[in-house]
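Enquirer: Quick one: this structure, given as structure tokens, is what I'll be asking you about.
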Amino acid sequence: MDVGIARLWWVQAAKAKQNDKGLHLMNRWQYILAAIGAIAILGITNKDLIMDTWDRFTNRRIRNLHPIIRDKVSGAINRLDRMGIKVRITKDGHFRSFELQDELYAIGRTKDLHLPKVTNARAGESWHNYALAVDVVEIKNGKALWSNPRWEIIAREFEREGFEWGGRWTRKDRPHFQFRNGLSISQAKNIYLNGQRDARGFILV
Ligand SMILES: [Zn+2]
């Protein structure tokens, strides 16, 4: 074979190999980028888009609430925040299972007799059991203000969102706000017991 031709062939072959390699590398990067993109999109669509508040505890607890009240709760909390009132959803003040409700009902009645009663509702009798109620408290200097002169202001913002306030009841429950959406508690219980619930267990209201 002529040396010139052989040399040309070798150069061409090397170039082709290089191109080939380049192409593969590019494909691999495109593949990786596509995978990252797919994961990001799945992450965004899987995560409920919820308006965050000033407080990470509250943000986590809002995710346990019925989807129809999540924006209402964060809306009220964010307006209060802008007024300088930092409100937090309490530890058990969001969704409560029937089991947890009965445990709380027992406190001060059949167990922990030295403690005051926590609730007057048994399993199924509280809007918390349907994720349609929240208990909130103002936080100041890292402490919860249970006897708070600003309850009326807090209540106004939740009432604007359509919540009923426990502070208006004869047996006052100031931290408590519930969203009935026109239902009675027994109607809500029937919807629950009839299994009219979405995939995540929230009653269809
Ligand atoms: Zn409550």
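Labels for the structure tokens follow display order: chains A, B, ..., residues from 1 in each chain, ligands from 1.
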Select the residues contacting ligand 1 at a distance of at most 8 Å, based on only C-alpha atoms and all ligand atoms, then format the selection as a list in words.

Expert: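 Checking only C-alpha atoms and all ligand atoms against ligand 1 at 8 Å gives Gly93, His94, Thr119, Ser126, Trp127, His128, Ala133, Val134, Asp135, Gly166, Asp173, Pro175, His176, Phe177 and Gln178 of chain A.
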
Enquirer: Go through region 10-146 of chain A and collect every residue that DSSP, computed from the backbone, puts in strand (DSSP E); the answer should be as a PyMOL selection string.

Expert: chain A and resi 87-89+133-140+143-145

Enquirer: Go ahead and write the selection's residues with C-alpha atoms as an mmCIF file, in the first residue's frame.

Expert:
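Once everything was written out, this is selection00.cif:
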data_model
loop_
_atom_site.group_PDB
_atom_site.id
_atom_site.type_symbol
_atom_site.label_atom_id
_atom_site.label_comp_id
_atom_site.auth_asym_id
_atom_site.auth_seq_id
_atom_site.Cartn_x
_atom_site.Cartn_y
_atom_site.Cartn_z
ATOM 1 C CA VAL A 87 -48.373 32.506 64.486
ATOM 2 C CA ARG A 88 -47.557 28.787 64.562
ATOM 3 C CA ILE A 89 -49.743 25.705 64.109
ATOM 4 C CA ALA A 133 -59.219 22.514 61.647
ATOM 5 C CA VAL A 134 -56.083 24.132 63.018
ATOM 6 C CA ASP A 135 -54.945 25.221 66.454
ATOM 7 C CA VAL A 136 -52.554 28.147 66.409
ATOM 8 C CA VAL A 137 -50.602 30.177 68.907
ATOM 9 C CA GLU A 138 -48.548 33.339 68.660
ATOM 10 C CA ILE A 139 -44.830 32.841 69.161
ATOM 11 C CA LYS A 140 -42.860 35.647 70.772
ATOM 12 C CA LYS A 143 -42.364 31.200 73.493
ATOM 13 C CA ALA A 144 -46.042 30.421 72.926
ATOM 14 C CA LEU A 145 -48.403 33.166 74.126
#

Enquirer: Can you pull out every residue within 12 Å of Glu152 (chain A), counting only C-alpha atoms, but drop anything in the same chain fewer than 3 positions away, and send it as a list of chain:residue names?

Expert: A:Leu80, A:Ile85, A:Glu138, A:Ser147, A:Asn148, A:Pro149, A:Ala155, A:Arg156, A:Glu157, A:Phe158, A:Glu159, A:Trp165, A:Gly166, A:Gly167, A:Arg168, A:Arg174, A:Pro175

Enquirer: Report, in Å to a single decimal, how far apart CA of Gly124 (chain A) and CA of Phe98 (chain A) are.

Expert: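 Answer for the CA of Phe98 (chain A) to CA of Gly124 (chain A) separation: 6.0 Å.
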
Enquirer: As a PyMOL selection string, please: the residues near Gly201 (chain A) (cut-off 10 Å, only C-alpha atoms, same-chain neighbours under 3 positions excluded).

Expert: chain A and resi 66+130-131+192+195-198+204

Enquirer: Residues of the last selection are to be written out with C-alpha atoms, as a CSV table (one decimal), in the first residue's frame.

Expert:
chain,number,residue,atom,x,y,z
A,66,HIS,CA,-57.1,19.2,53.9
A,130,TYR,CA,-61.0,15.5,58.8
A,131,ALA,CA,-57.9,17.8,58.6
A,192,TYR,CA,-65.6,9.7,56.2
A,195,GLY,CA,-65.3,6.0,52.4
A,196,GLN,CA,-65.9,9.2,50.3
A,197,ARG,CA,-62.2,10.1,50.5
A,198,ASP,CA,-59.5,10.9,48.0
A,204,LEU,CA,-64.6,14.7,49.6

Enquirer: According to DSSP computed on the backbone, where in region 4-190 of chain A is there alpha helix (DSSP H)? Give the residues as a count of residues only.

Expert: 91

Enquirer: Quick one: residues within 9 Å of Asn78 (chain A), only C-alpha atoms counted, chain neighbours fewer than 4 positions away excluded, as an MDAnalysis selection string?

Expert: chainID A and resid 52:54 73:74 82:83 86:87

Enquirer: Report the distance between CA of Leu49 (chain A) and CA of Arg200 (chain A) in Å, rounded to one decimal place.

Expert: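 CA of Leu49 (chain A) sits 15.6 Å away from CA of Arg200 (chain A).
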
Enquirer: To one decimal place in Å, what is the distance between CA of Asn64 (chain A) and CA of Ala188 (chain A)?

Expert: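 CA of Ala188 (chain A) lies 17.4 Å from CA of Asn64 (chain A).
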
Enquirer: Have a look at A:Arg60, A:Lys172, A:Arg180, A:Lys189 and name the one nearest to Asn120 (chain A); count only C-alpha atoms.

Expert: A:Lys172
